[in-house]
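File shown: work-v4.txt. Contents: compact mmCIF, C-alpha atoms.
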# COMPACT_ATOMS: atom_id res chain seq x y z
CA MET A 1 -65.99 -73.20 -74.19
CA ASN A 2 -68.48 -70.42 -73.38
CA SER A 3 -67.58 -67.44 -71.18
CA ALA A 4 -69.74 -68.56 -68.24
CA ALA A 5 -67.99 -71.93 -68.06
CA ARG A 6 -64.55 -70.37 -68.34
CA SER A 7 -65.39 -67.88 -65.60
CA ALA A 8 -66.19 -70.66 -63.15
CA SER A 9 -62.55 -71.80 -63.10
CA LYS A 10 -60.89 -68.38 -63.16
CA PRO A 11 -60.56 -65.49 -60.71
CA GLN A 12 -63.54 -63.17 -60.83
CA LEU A 13 -64.00 -59.65 -59.48
CA ILE A 14 -66.73 -57.04 -59.52
CA VAL A 15 -65.81 -53.45 -58.63
CA VAL A 16 -68.38 -50.83 -57.69
CA GLU A 17 -66.98 -47.31 -57.84
CA LEU A 18 -69.56 -45.46 -55.71
CA ASN A 19 -68.04 -42.07 -56.18
CA GLU A 20 -67.16 -39.93 -53.14
CA PHE A 21 -69.62 -41.44 -50.65
CA ASP A 22 -69.07 -40.67 -46.98
CA PRO A 23 -69.33 -43.95 -45.01
CA SER A 24 -70.52 -42.33 -41.78
CA PHE A 25 -73.32 -40.54 -43.58
CA LEU A 26 -74.34 -43.67 -45.49
CA ARG A 27 -74.31 -45.79 -42.34
CA ALA A 28 -76.54 -43.36 -40.47
CA ALA A 29 -78.88 -43.15 -43.47
CA SER A 30 -79.00 -46.93 -43.84
CA GLU A 31 -80.10 -47.27 -40.22
CA ARG A 32 -82.69 -44.54 -40.55
CA LEU A 33 -84.16 -45.67 -43.89
CA GLY A 34 -83.59 -49.41 -43.56
CA LEU A 35 -81.14 -49.66 -46.46
CA SER A 36 -80.17 -53.30 -46.13
CA ASN A 37 -77.84 -53.47 -49.15
CA VAL A 38 -75.93 -50.36 -48.13
CA ALA A 39 -75.55 -51.89 -44.66
CA LYS A 40 -74.22 -55.15 -46.16
CA VAL A 41 -71.51 -53.28 -48.04
CA LEU A 42 -70.50 -51.20 -45.02
CA ASP A 43 -70.11 -54.37 -42.95
CA LEU A 44 -67.45 -55.78 -45.31
CA ALA A 45 -63.72 -55.65 -44.55
CA HIS A 46 -62.68 -51.99 -44.59
CA SER A 47 -59.48 -50.36 -45.84
CA ARG A 48 -58.53 -46.69 -46.02
CA THR A 49 -57.02 -44.86 -48.98
CA THR A 50 -55.31 -41.53 -49.37
CA THR A 51 -53.80 -39.28 -52.02
CA ALA A 52 -51.02 -36.72 -52.08
CA ASP A 53 -53.37 -34.27 -53.83
CA ARG A 54 -54.77 -31.61 -51.53
CA VAL A 55 -56.47 -28.89 -53.62
CA GLU A 56 -59.94 -29.27 -55.14
CA TYR A 57 -60.14 -28.61 -58.90
CA HIS A 58 -56.37 -29.04 -59.10
CA GLY A 59 -55.93 -32.74 -58.35
CA LEU A 60 -58.19 -33.54 -55.38
CA ASP A 61 -60.97 -34.48 -57.76
CA PRO A 62 -62.61 -37.73 -58.87
CA TRP A 63 -61.64 -37.26 -62.53
CA VAL A 64 -58.01 -37.27 -61.30
CA GLN A 65 -58.16 -39.90 -58.57
CA TRP A 66 -59.94 -42.51 -60.69
CA VAL A 67 -57.26 -42.08 -63.35
CA GLY A 68 -54.76 -43.13 -60.68
CA VAL A 69 -56.87 -46.13 -59.71
CA HIS A 70 -57.27 -47.22 -63.33
CA SER A 71 -53.67 -46.59 -64.43
CA GLY A 72 -51.75 -47.50 -61.27
CA VAL A 73 -49.71 -44.33 -60.84
CA PRO A 74 -50.17 -41.15 -58.77
CA THR A 75 -51.16 -37.78 -60.22
CA GLU A 76 -47.59 -36.54 -60.38
CA VAL A 77 -46.88 -39.35 -62.84
CA HIS A 78 -50.04 -39.58 -64.95
CA GLN A 79 -50.43 -35.75 -65.01
CA VAL A 80 -54.16 -35.89 -65.88
CA ARG A 81 -55.91 -33.11 -63.95
CA ARG A 82 -59.01 -32.28 -66.01
CA VAL A 83 -62.24 -34.07 -66.74
CA GLY A 84 -62.55 -35.43 -70.27
CA GLU A 85 -58.82 -35.85 -70.87
CA THR A 86 -58.94 -39.39 -72.16
CA ARG A 87 -56.97 -38.47 -75.28
CA ALA A 88 -54.08 -37.35 -73.05
CA GLN A 89 -53.70 -40.80 -71.46
CA SER A 90 -51.22 -43.32 -72.79
CA ARG A 91 -50.81 -45.69 -69.84
CA PRO A 92 -52.59 -49.07 -70.01
CA GLN A 93 -55.78 -49.21 -67.94
CA ILE A 94 -56.42 -51.91 -65.35
CA TRP A 95 -58.80 -53.74 -67.69
CA THR A 96 -56.09 -53.89 -70.35
CA LYS A 97 -53.66 -55.46 -67.89
CA VAL A 98 -56.32 -57.88 -66.64
CA ALA A 99 -57.02 -58.88 -70.27
CA GLU A 100 -53.31 -59.53 -70.81
CA ARG A 101 -53.60 -62.15 -68.08
CA GLY A 102 -56.30 -63.93 -70.05
CA ASN A 103 -59.47 -62.47 -68.56
CA SER A 104 -62.50 -60.87 -70.18
CA TRP A 105 -63.78 -57.56 -68.87
CA GLY A 106 -66.65 -55.09 -68.93
CA ALA A 107 -66.65 -51.47 -67.72
CA TRP A 108 -69.60 -49.13 -67.31
CA GLY A 109 -69.46 -45.37 -66.69
CA VAL A 110 -65.80 -45.34 -65.66
CA MET A 111 -64.72 -41.74 -65.13
CA ASN A 112 -62.16 -40.07 -67.39
CA ALA A 113 -61.05 -43.44 -68.73
CA PRO A 114 -60.05 -44.50 -72.26
CA ARG A 115 -61.13 -47.94 -73.38
CA GLY A 116 -57.72 -48.70 -74.80
CA ASP A 117 -57.10 -52.14 -76.29
CA ALA A 118 -60.43 -53.83 -77.03
CA ALA A 119 -59.06 -57.34 -76.50
CA ARG A 120 -61.42 -59.45 -74.37
CA CYS A 121 -63.81 -56.50 -73.99
CA ALA A 122 -67.39 -57.61 -73.32
CA PHE A 123 -68.74 -54.07 -73.02
CA PHE A 124 -67.52 -50.54 -72.40
CA MET A 125 -69.54 -47.43 -71.53
CA PRO A 126 -67.59 -44.18 -71.09
CA ASP A 127 -68.65 -41.39 -68.78
CA PRO A 128 -70.69 -38.60 -70.46
CA TRP A 129 -67.78 -36.11 -70.41
CA SER A 130 -65.27 -38.31 -72.25
CA TYR A 131 -65.98 -36.90 -75.72
CA ASP A 132 -63.38 -39.01 -77.52
CA GLU A 133 -64.73 -42.32 -76.26
CA HIS A 134 -67.53 -44.42 -77.73
CA ALA A 135 -69.53 -47.25 -76.23
CA VAL A 136 -68.93 -50.90 -77.10
CA PRO A 137 -70.87 -52.64 -78.52
CA ALA A 138 -71.98 -49.78 -80.76
CA GLU A 139 -75.68 -50.16 -79.88
CA LEU A 140 -74.88 -48.79 -76.39
CA ASN A 141 -74.22 -45.37 -77.93
CA ASP A 142 -78.02 -45.07 -78.23
CA LEU A 143 -78.11 -45.15 -74.42
CA LEU A 144 -75.24 -42.69 -74.10
CA ALA A 145 -76.50 -39.88 -76.34
CA LEU A 146 -79.12 -38.36 -74.00
CA PRO A 147 -77.10 -38.38 -70.74
CA ARG A 148 -74.08 -37.04 -72.61
CA TYR A 149 -76.10 -34.12 -73.99
CA VAL A 150 -77.95 -33.31 -70.75
CA SER A 151 -74.87 -33.55 -68.52
CA GLN A 152 -73.06 -31.01 -70.69
CA ASN A 153 -75.92 -28.60 -71.37
CA TYR A 154 -78.39 -28.86 -68.50
CA LEU A 155 -78.62 -25.08 -67.93
CA ASP A 156 -79.51 -24.37 -71.56
CA LEU A 157 -81.19 -27.43 -73.04
CA ASP A 158 -82.39 -27.55 -76.61
CA LYS A 159 -85.77 -29.32 -76.55
CA GLY A 160 -85.20 -30.84 -79.97
CA GLN A 161 -81.91 -32.37 -78.88
CA VAL A 162 -83.49 -33.73 -75.70
CA ILE A 163 -86.41 -35.26 -77.59
CA ARG A 164 -84.12 -36.88 -80.17
CA GLY A 165 -81.88 -38.27 -77.46
CA ALA A 166 -84.85 -39.54 -75.45
CA LEU A 167 -86.37 -41.25 -78.49
CA ARG A 168 -83.05 -42.85 -79.32
CA LEU A 169 -82.70 -44.17 -75.76
CA LEU A 170 -86.32 -45.32 -75.63
CA ALA A 171 -86.08 -47.10 -78.98
CA ARG A 172 -83.06 -49.07 -77.72
CA LEU A 173 -84.69 -49.94 -74.38
CA LEU A 174 -87.80 -51.20 -76.14
CA THR A 175 -85.91 -53.80 -78.14
CA PRO A 176 -86.63 -57.33 -76.82
CA LYS A 177 -83.16 -57.64 -75.31
CA TYR A 178 -83.87 -54.80 -72.87
CA TRP A 179 -87.58 -55.31 -72.16
CA GLY A 180 -86.91 -56.54 -68.64
CA VAL A 181 -84.66 -53.57 -67.88
CA ALA A 182 -87.19 -51.12 -69.31
CA ALA A 183 -90.05 -52.56 -67.27
CA ARG A 184 -88.12 -52.55 -64.01
CA PHE A 185 -86.76 -49.06 -64.61
CA GLY A 186 -90.19 -47.68 -65.49
CA ALA A 187 -91.82 -49.15 -62.40
CA SER A 188 -89.03 -47.96 -60.12
CA SER A 189 -89.04 -44.39 -61.50
CA VAL A 190 -92.59 -43.54 -60.41
CA TRP A 191 -91.92 -42.89 -56.73
CA PRO A 192 -88.71 -40.83 -57.24
CA LEU A 193 -90.46 -38.57 -59.76
CA MET A 194 -93.47 -38.15 -57.46
CA ARG A 195 -91.25 -37.50 -54.43
CA THR A 196 -89.22 -34.69 -56.02
CA GLY A 197 -91.47 -33.50 -58.83
CA GLY A 198 -88.81 -34.43 -61.38
CA SER A 199 -85.60 -32.41 -61.70
CA VAL A 200 -82.17 -32.67 -63.27
CA HIS A 201 -80.98 -34.09 -59.94
CA THR A 202 -83.61 -36.84 -59.99
CA PHE A 203 -82.62 -37.46 -63.62
CA THR A 204 -79.00 -38.08 -62.61
CA THR A 205 -80.08 -40.48 -59.87
CA LEU A 206 -82.39 -42.40 -62.19
CA LEU A 207 -79.66 -42.48 -64.83
CA ASP A 208 -77.39 -44.26 -62.35
CA TYR A 209 -80.19 -46.71 -61.54
CA LEU A 210 -80.70 -47.43 -65.23
CA SER A 211 -76.93 -47.87 -65.57
CA ALA A 212 -76.91 -50.43 -62.77
CA LEU A 213 -79.70 -52.42 -64.43
CA LEU A 214 -77.98 -52.35 -67.82
CA PHE A 215 -74.67 -53.30 -66.23
CA VAL A 216 -76.29 -56.35 -64.66
CA GLN A 217 -77.96 -57.23 -67.98
CA LEU A 218 -74.63 -57.14 -69.82
CA ARG A 219 -72.89 -59.11 -67.08
CA ARG A 220 -75.52 -61.84 -67.44
CA GLU A 221 -75.03 -61.88 -71.18
CA HIS A 222 -71.22 -62.03 -71.19
CA ARG A 223 -70.12 -63.03 -67.68
CA PRO A 224 -66.73 -61.26 -67.82
CA GLU A 225 -64.15 -62.22 -65.23
CA PHE A 226 -63.58 -58.55 -64.37
CA SER A 227 -66.40 -56.02 -64.32
CA VAL A 228 -66.50 -52.48 -62.99
CA ILE A 229 -69.26 -49.86 -62.72
CA MET A 230 -69.00 -46.21 -61.75
CA LEU A 231 -72.01 -44.59 -60.01
CA ASN A 232 -71.90 -40.82 -59.42
CA HIS A 233 -75.28 -39.86 -57.94
CA ILE A 234 -74.26 -39.96 -54.25
CA ALA A 235 -71.33 -37.62 -54.94
CA HIS A 236 -73.65 -35.24 -56.78
CA LEU A 237 -76.26 -35.27 -54.03
CA GLN A 238 -73.71 -34.81 -51.23
CA HIS A 239 -72.43 -31.71 -53.04
CA HIS A 240 -75.94 -30.25 -53.34
CA PHE A 241 -78.28 -31.65 -50.66
CA TRP A 242 -76.25 -32.86 -47.67
CA LEU A 243 -78.13 -31.16 -44.84
CA PRO A 244 -76.64 -30.87 -41.33
CA GLY A 245 -77.76 -33.23 -38.59
CA ASP A 246 -80.22 -36.00 -39.41
CA LYS A 247 -82.36 -34.02 -41.86
CA LEU A 248 -82.76 -35.50 -45.34
CA HIS A 249 -83.61 -33.45 -48.42
CA PRO A 250 -86.16 -35.21 -50.70
CA GLU A 251 -83.54 -35.47 -53.47
CA MET A 252 -81.14 -37.12 -51.01
CA GLU A 253 -83.78 -39.57 -49.80
CA VAL A 254 -84.51 -40.56 -53.40
CA GLY A 255 -80.80 -40.96 -54.06
CA LEU A 256 -80.19 -43.09 -50.97
CA ARG A 257 -83.12 -45.42 -51.56
CA SER A 258 -82.12 -45.72 -55.23
CA CYS A 259 -78.52 -46.45 -54.20
CA ASP A 260 -79.75 -49.30 -52.03
CA ALA A 261 -81.73 -50.68 -54.99
CA MET A 262 -78.70 -50.40 -57.29
CA LEU A 263 -76.45 -52.22 -54.85
CA GLY A 264 -79.17 -54.83 -54.38
CA ALA A 265 -79.36 -55.51 -58.12
CA ILE A 266 -75.57 -55.79 -58.41
CA LEU A 267 -75.12 -57.95 -55.30
CA ALA A 268 -77.92 -60.27 -56.41
CA ASP A 269 -76.07 -60.89 -59.67
CA ARG A 270 -72.77 -61.63 -57.93
CA GLN A 271 -71.58 -65.12 -58.83
CA PRO A 272 -70.39 -67.81 -56.38
CA GLY A 273 -66.73 -67.16 -55.63
CA GLU A 274 -66.76 -63.72 -57.26
CA ALA A 275 -64.78 -61.19 -55.24
CA LEU A 276 -66.19 -57.72 -54.53
CA LEU A 277 -64.70 -54.26 -54.09
CA VAL A 278 -66.79 -51.18 -53.30
CA MET A 279 -64.81 -47.94 -53.11
CA ASN A 280 -65.24 -44.18 -53.29
CA GLY A 281 -61.95 -42.94 -54.78
CA LEU A 282 -62.06 -40.13 -52.24
CA LYS A 283 -64.83 -38.96 -49.95
CA GLN A 284 -66.52 -35.72 -49.03
CA ALA A 285 -66.84 -33.72 -45.83
CA ASN A 286 -69.99 -31.78 -45.03
CA VAL A 287 -69.49 -28.03 -45.58
CA ALA A 288 -73.13 -26.90 -45.45
CA GLY A 289 -73.39 -23.26 -44.48
CA HIS A 290 -69.78 -22.39 -45.34
CA GLY A 291 -70.75 -20.27 -48.35
CA PHE A 292 -68.97 -22.43 -50.93
CA CYS A 293 -70.73 -21.40 -54.15
CA VAL A 294 -70.46 -23.01 -57.58
CA TYR A 295 -71.43 -21.10 -60.73
CA ARG A 296 -71.80 -22.49 -64.22
CA GLN A 297 -71.94 -20.85 -67.62
CA ARG A 298 -75.51 -20.98 -68.89
CA ASN A 299 -74.14 -21.55 -72.38
CA PRO A 300 -70.35 -21.40 -72.87
CA GLU A 301 -70.68 -20.67 -76.58
CA ASN A 302 -72.72 -17.56 -75.74
CA VAL A 303 -70.06 -16.48 -73.24
CA LEU A 304 -67.34 -16.86 -75.85
CA ASN A 305 -69.38 -14.92 -78.40
CA VAL A 306 -69.79 -12.06 -75.91
CA LEU A 307 -66.03 -12.09 -75.29
CA GLY A 308 -65.32 -12.05 -79.01
CA VAL A 309 -63.61 -15.44 -78.95
CA THR A 310 -64.18 -17.30 -82.23
CA GLY A 311 -63.13 -20.56 -83.86
CA ALA A 312 -63.51 -22.77 -80.76
CA ARG A 313 -65.15 -26.14 -80.44
CA VAL A 314 -66.49 -26.28 -76.90
CA GLU A 315 -66.38 -29.39 -74.74
CA GLN A 316 -68.17 -28.40 -71.55
CA GLY A 317 -67.10 -30.18 -68.39
CA MET A 318 -68.93 -31.51 -65.38
CA THR A 319 -69.65 -28.29 -63.50
CA HIS A 320 -67.90 -24.98 -64.09
CA ASP A 321 -65.23 -25.80 -66.64
CA ALA A 322 -64.69 -26.43 -70.35
CA HIS A 323 -62.11 -27.37 -72.95
CA LEU A 324 -61.79 -25.14 -76.02
CA LEU A 325 -60.33 -26.66 -79.18
CA PHE A 326 -59.11 -24.31 -81.92
CA GLU A 327 -57.89 -24.81 -85.45
CA THR A 328 -54.78 -22.68 -84.98
CA ALA A 329 -52.35 -21.80 -82.21
CA ALA A 330 -52.95 -18.09 -82.87
CA GLU A 331 -56.67 -18.47 -82.11
CA ALA A 332 -55.89 -20.34 -78.89
CA GLU A 333 -53.35 -17.72 -77.82
CA HIS A 334 -55.79 -14.87 -78.48
CA ALA A 335 -58.56 -16.62 -76.53
CA GLN A 336 -56.25 -17.31 -73.61
CA GLY A 337 -55.38 -13.63 -73.35
CA VAL A 338 -59.02 -12.53 -73.51
CA ILE A 339 -60.19 -15.01 -70.87
CA ALA A 340 -57.28 -14.26 -68.54
CA ALA A 341 -57.97 -10.51 -68.76
CA CYS A 342 -61.61 -10.78 -67.64
CA ARG A 343 -62.60 -9.27 -64.30
CA LEU A 344 -65.75 -8.93 -62.24
CA SER A 345 -66.72 -5.44 -61.12
CA ASP A 346 -66.30 -6.59 -57.48
CA GLY A 347 -62.58 -7.07 -58.17
CA THR A 348 -62.66 -10.85 -58.66
CA THR A 349 -60.60 -12.60 -61.33
CA PRO A 350 -63.32 -14.96 -62.58
CA PHE A 351 -61.41 -17.52 -64.64
CA TYR A 352 -58.49 -19.86 -64.35
CA VAL A 353 -57.15 -20.66 -67.82
CA GLU A 354 -54.31 -22.86 -69.04
CA ARG A 355 -52.91 -23.93 -72.37
CA VAL A 356 -53.13 -27.61 -73.28
CA GLY A 357 -50.82 -28.14 -76.23
CA GLU A 358 -50.78 -25.64 -79.09
CA THR A 359 -54.46 -25.42 -79.98
CA GLU A 360 -56.42 -26.29 -76.83
CA LEU A 361 -57.38 -24.35 -73.71
CA PHE A 362 -58.85 -25.44 -70.41
CA TYR A 363 -60.67 -22.86 -68.30
CA GLN A 364 -62.89 -22.86 -65.25
CA ILE A 365 -64.67 -20.43 -62.95
CA ASP A 366 -62.21 -19.74 -60.16
CA PHE A 367 -63.98 -18.28 -57.13
CA GLU A 368 -66.23 -19.55 -54.36
CA HIS A 369 -68.16 -16.55 -52.99
CA LYS A 370 -71.72 -15.55 -53.90
CA VAL A 371 -71.79 -12.82 -56.53
CA SER A 372 -73.89 -9.81 -55.59
CA VAL A 373 -76.75 -8.56 -57.75
CA GLY A 374 -75.56 -5.98 -60.25
CA VAL A 375 -71.99 -7.27 -60.60
CA THR A 376 -70.73 -7.18 -64.18
CA LEU A 377 -68.23 -9.20 -66.15
CA THR A 378 -65.77 -6.73 -67.67
CA PHE A 379 -63.27 -7.19 -70.49
CA GLY A 380 -61.60 -4.31 -72.25
CA GLU A 381 -64.12 -1.48 -72.47
CA THR A 382 -67.14 -3.80 -72.31
CA SER A 383 -69.25 -4.85 -69.31
CA VAL A 384 -72.04 -7.45 -69.24
CA PRO A 385 -74.30 -8.31 -66.27
CA PHE A 386 -72.88 -11.41 -64.65
CA GLU A 387 -76.28 -13.03 -64.11
CA GLU A 388 -77.02 -12.95 -67.84
CA LEU A 389 -74.19 -15.37 -68.55
CA PHE A 390 -73.81 -17.42 -65.37
CA GLU A 391 -76.06 -19.24 -62.93
CA LEU A 392 -75.51 -20.32 -59.35
CA VAL A 393 -75.94 -24.10 -59.48
CA ALA A 394 -75.16 -24.89 -55.86
CA GLU A 395 -74.12 -23.58 -52.49
CA ARG A 396 -72.12 -26.69 -51.89
CA THR A 397 -72.85 -28.92 -48.94
CA GLY A 398 -70.02 -31.39 -49.58
CA ALA A 399 -66.34 -30.85 -50.42
CA HIS A 400 -63.58 -33.29 -51.40
CA VAL A 401 -61.11 -34.59 -48.82
CA PRO A 402 -58.00 -36.71 -49.57
CA GLU A 403 -59.11 -39.77 -47.62
CA GLY A 404 -61.12 -42.61 -49.13
CA ASP A 405 -62.49 -46.05 -48.38
CA VAL A 406 -62.51 -49.57 -49.79
CA TYR A 407 -64.91 -52.33 -48.72
CA ALA A 408 -63.85 -55.80 -49.82
CA ASP A 409 -64.99 -59.40 -49.82
CA GLY A 410 -63.00 -62.28 -51.33
CA ILE A 411 -59.96 -60.15 -52.17
CA ALA A 412 -57.06 -59.09 -49.98
CA VAL A 413 -56.65 -55.33 -49.55
CA PRO A 414 -54.06 -53.68 -47.26
CA ALA A 415 -55.51 -51.76 -44.33
CA GLN A 416 -54.01 -48.52 -45.67
CA LEU A 417 -52.92 -47.71 -49.23
CA ASP A 418 -52.69 -44.92 -51.76
CA ASN A 419 -55.49 -44.64 -54.30
CA HIS A 420 -53.34 -45.69 -57.23
CA GLU A 421 -52.20 -48.84 -55.40
CA ILE A 422 -55.68 -50.34 -55.82
CA PHE A 423 -54.51 -51.06 -59.38
CA ASP A 424 -52.00 -53.61 -58.03
CA VAL A 425 -54.55 -55.09 -55.64
CA ILE A 426 -56.85 -55.80 -58.58
CA LEU A 427 -54.08 -57.05 -60.85
CA ASN A 428 -52.74 -59.39 -58.16
CA HIS A 429 -56.18 -60.94 -57.89
CA PHE A 430 -55.86 -62.06 -61.51
CA SER A 431 -52.69 -64.08 -61.16
CA SER A 432 -53.36 -66.78 -63.77
CA GLY A 433 -51.49 -66.73 -67.07
CA ALA A 434 -52.94 -65.46 -70.35
CA GLN A 435 -55.10 -67.76 -72.46
CA PRO A 436 -56.02 -67.64 -76.14
CA LEU A 437 -58.69 -65.12 -77.12
CA GLU A 438 -61.82 -67.24 -77.43
CA THR A 439 -64.64 -65.36 -75.71
CA LYS A 440 -67.70 -64.44 -77.72
CA SER A 441 -67.45 -60.81 -76.64
CA ALA A 442 -63.83 -60.27 -77.61
CA ALA A 443 -64.47 -61.14 -81.23
CA SER A 444 -67.88 -59.57 -81.62
CA VAL A 445 -67.59 -56.17 -79.90
CA ALA A 446 -64.10 -54.99 -80.77
CA THR A 447 -65.63 -52.24 -82.91
CA GLY A 448 -67.01 -48.84 -81.99
Spell out the structure here as structure tokens.
Amino acid sequence: MNSAARSASKPQLIVVELNEFDPSFLRAASERLGLSNVAKVLDLAHSRTTTADRVEYHGLDPWVQWVGVHSGVPTEVHQVRRVGETRAQSRPQIWTKVAERGNSWGAWGVMNAPRGDAARCAFFMPDPWSYDEHAVPAELNDLLALPRYVSQNYLDLDKGQVIRGALRLLARLLTPKYWGVAARFGASSVWPLMRTGGSVHTFTTLLDYLSALLFVQLRREHRPEFSVIMLNHIAHLQHHFWLPGDKLHPEMEVGLRSCDAMLGAILADRQPGEALLVMNGLKQANVAGHGFCVYRQRNPENVLNVLGVTGARVEQGMTHDAHLLFETAAEAEHAQGVIAACRLSDGTTPFYVERVGETELFYQIDFEHKVSVGVTLTFGETSVPFEELFELVAERTGAHVPEGDVYADGIAVPAQLDNHEIFDVILNHFSSGAQPLETKSAASVATG
């Protein structure tokens, strides 16, 4: 029996994780711009979520909250607080539990999530910051290479790396299987690039649009009973371009219109009887004008070289953070001391640093004010101009709040619940018993 036929008699669910969107902002934008698909989602049954986490960059973050959603336990239990910590997770993910009940699954772009058991897996695409994870089937790694490189190095890009990644992505998209996706993506990219002139922000929006098209393509090929996609562009744009009042920055307009197109593509592929969840994990509040600044290391390896820290493999995070992996505990201990001792000449302690096991460090920039011209980074007897090593990437316009939202159709969701309780909502939807592994995808893509 093929997967499409099996799906017709089994519970089905599609989950759209539209990261951090603010419903009031999206509703106003949908009315102003005529975003019909956004409006359809916001008219679905609405539930509210919350979390016990209250401090940004220390729990009140998407890379923490989505771990709770996917693993079914709150932060105090799963203890994952940093982006890219898939190797630290041992709890079964929701797709693993759904598979145990006899259902196939596909996941695209899920944040800070390990694939886990490949049983009944139709496809799996990790987020760009999950270094230990690989795409399934293996051909999808050709699509992952460029966004993974750019998302980690966008302040100091190596043109050769970008070209190689772009050629690898293009070569995959131009295979017959993806011709339709490539044509639609190419045609739809013209206006966004003309509207903004092309920027890293437009790139992230278009990457989400391409992800949505590929997600739909893979759903059509495999028809998994459970499928989930994570889209991050609205969160990114709210952080950077959420202007007060009814003004819309060009990047935000591109993002909103693209979001409507993404939702349209996904909703159009929704099957008869397939339930739908659209949720944000947590949302943002507008903080434009509050002076909330975010800096990023131009190149973390250069920063470490200046500090005299050697022997580290750098895994740069989403914004202003990184993991450092050393060969020995002594190297990690030395680096921790050096980083913790750094100061800015204005009196600021610039870094938060913590030990992760014996040979790994996590550190992040730990202040919010704008650094004045001429301020230096000092360590020991050495001082280096701050602006040589760091760049202001945003005066943030959106900040995380502990409340979130779920919009549902065809699946029962309590009016109020904790983020991690969505796990049980999803699992309860798949109440049928396990069946023998017989899907095409489970046997053919369990590698990677």
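Of the residues under consideration (A:Val16, A:Val303, A:Ala412, A:Cys121), A:Val16 shows the shortest atom-to-atom contact distance to Ala212 (chain A) when counting all atoms listed in the file.
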Please indicate the distance in Å from CA of Ser9 (chain A) to CA of Gly106 (chain A), rounded to one decimal place. 18.2 Å
Can I get the residues of region 236-348 of chain A within 6 Å of region 375-388 of chain A, each with the closest pair of atoms and their distance in Å to one decimal, using all atoms listed in the file, sorted chain first then ascending number, as JSON lines?
{"residue": "A:Cys342", "atom": "CA", "partner": "A:Phe379", "partner_atom": "CA", "distance": 4.9}
{"residue": "A:Arg343", "atom": "CA", "partner": "A:Thr378", "partner_atom": "CA", "distance": 5.3}
{"residue": "A:Leu344", "atom": "CA", "partner": "A:Leu377", "partner_atom": "CA", "distance": 4.6}
{"residue": "A:Ser345", "atom": "CA", "partner": "A:Thr376", "partner_atom": "CA", "distance": 5.3}
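Taking CA of Phe21 (chain A) and CA of Gly404 (chain A) as endpoints, the distance between them is 8.7 Å.
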Just need the box for region 375-384 of chain A, edges along x, y and z, holding every atom the file lists for it with 6 Å tacked onto each side, so centre and edge lengths in Å to one decimal, as AutoDock Vina command-line options.
--center_x -66.8 --center_y -5.3 --center_z -66.5 --size_x 22.4 --size_y 19.7 --size_z 23.9
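Distances from A:Leu167, A:Val413, A:Leu277, A:Ala394 to Gly289 (chain A) were compared using all atoms listed in the file, and the smallest one belongs to A:Ala394.
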Could you tell me how far CA of Ala182 (chain A) sits from CA of Arg219 (chain A), in Å to one decimal place? 16.5 Å
Glu395 (chain A) surroundings by only C-alpha atoms, 10 Å radius, close-in-sequence under 2 positions cut, as a list in words: His239, His240, Phe241, Val287, Ala288, Gly289, His290, Gly291, Phe292, Cys293, Val294, Tyr295, Glu368, His369, Lys370, Leu392, Val393, Thr397 and Gly398 of chain A
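Minimum distance to His429 (chain A) across A:Thr205, A:Ser372, A:Asn103, A:Gln364 (counting only C-alpha atoms) occurs at A:Asn103.
Among A:Glu133, A:Glu360, A:Glu17, A:Glu76, the residue with the shortest atom-to-atom distance to Val228 (chain A), counting only C-alpha atoms, is A:Glu17.
Of the listed residues (A:Pro23, A:Gly34, A:Pro11, A:Gly410), A:Gly34 comes nearest to Asp260 (chain A); the distances count all atoms listed in the file.
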Would you list the residues near (-80.9, -38.9, -56.0) (no more than 6 Å away, in the coordinates of the file, using all atoms listed in the file) as a PDB file with C-alpha atoms, in the coordinates of the input?
ATOM      1  CA  THR A 202     -83.610 -36.840 -59.990  1.00  0.00           C
ATOM      2  CA  THR A 205     -80.080 -40.480 -59.870  1.00  0.00           C
ATOM      3  CA  GLU A 251     -83.540 -35.470 -53.470  1.00  0.00           C
ATOM      4  CA  MET A 252     -81.140 -37.120 -51.010  1.00  0.00           C
ATOM      5  CA  VAL A 254     -84.510 -40.560 -53.400  1.00  0.00           C
ATOM      6  CA  GLY A 255     -80.800 -40.960 -54.060  1.00  0.00           C
TER       7      GLY A 255
END
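Closest approach to Trp95 (chain A) among A:Gln217, A:Val15, A:Leu33, A:Tyr149: A:Val15, based on all atoms listed in the file.
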Using only C-alpha atoms, I'd like a table of the residues in region 297-341 of chain A that come within 12 Å of region 42-63 of chain A; for each, show the closest atom pair and its distance in Å rounded to one decimal, ordered by chain and ascending number, as JSON lines.
{"residue": "A:Gly317", "atom": "CA", "partner": "A:Trp63", "partner_atom": "CA", "distance": 10.7}
{"residue": "A:Met318", "atom": "CA", "partner": "A:Trp63", "partner_atom": "CA", "distance": 9.7}
{"residue": "A:Thr319", "atom": "CA", "partner": "A:Tyr57", "partner_atom": "CA", "distance": 10.6}
{"residue": "A:His320", "atom": "CA", "partner": "A:Tyr57", "partner_atom": "CA", "distance": 10.0}
{"residue": "A:Asp321", "atom": "CA", "partner": "A:Tyr57", "partner_atom": "CA", "distance": 9.7}
Nearby residues (all atoms listed in the file) at most 8 Å from Gln89 (chain A), same-chain spacing under 6 positions excluded, as number ranges by chain: A: 78, 80, 114
Give as a list of chain:residue names each residue that has an atom at most 10 Å from (-82.8, -52.1, -55.5) in the file, counting all atoms listed in the file. A:Leu35, A:Ser36, A:Asn37, A:Ser188, A:Tyr209, A:Ala212, A:Leu213, A:Arg257, A:Ser258, A:Cys259, A:Asp260, A:Ala261, A:Met262, A:Leu263, A:Gly264, A:Ala265, A:Ile266, A:Leu267, A:Ala268
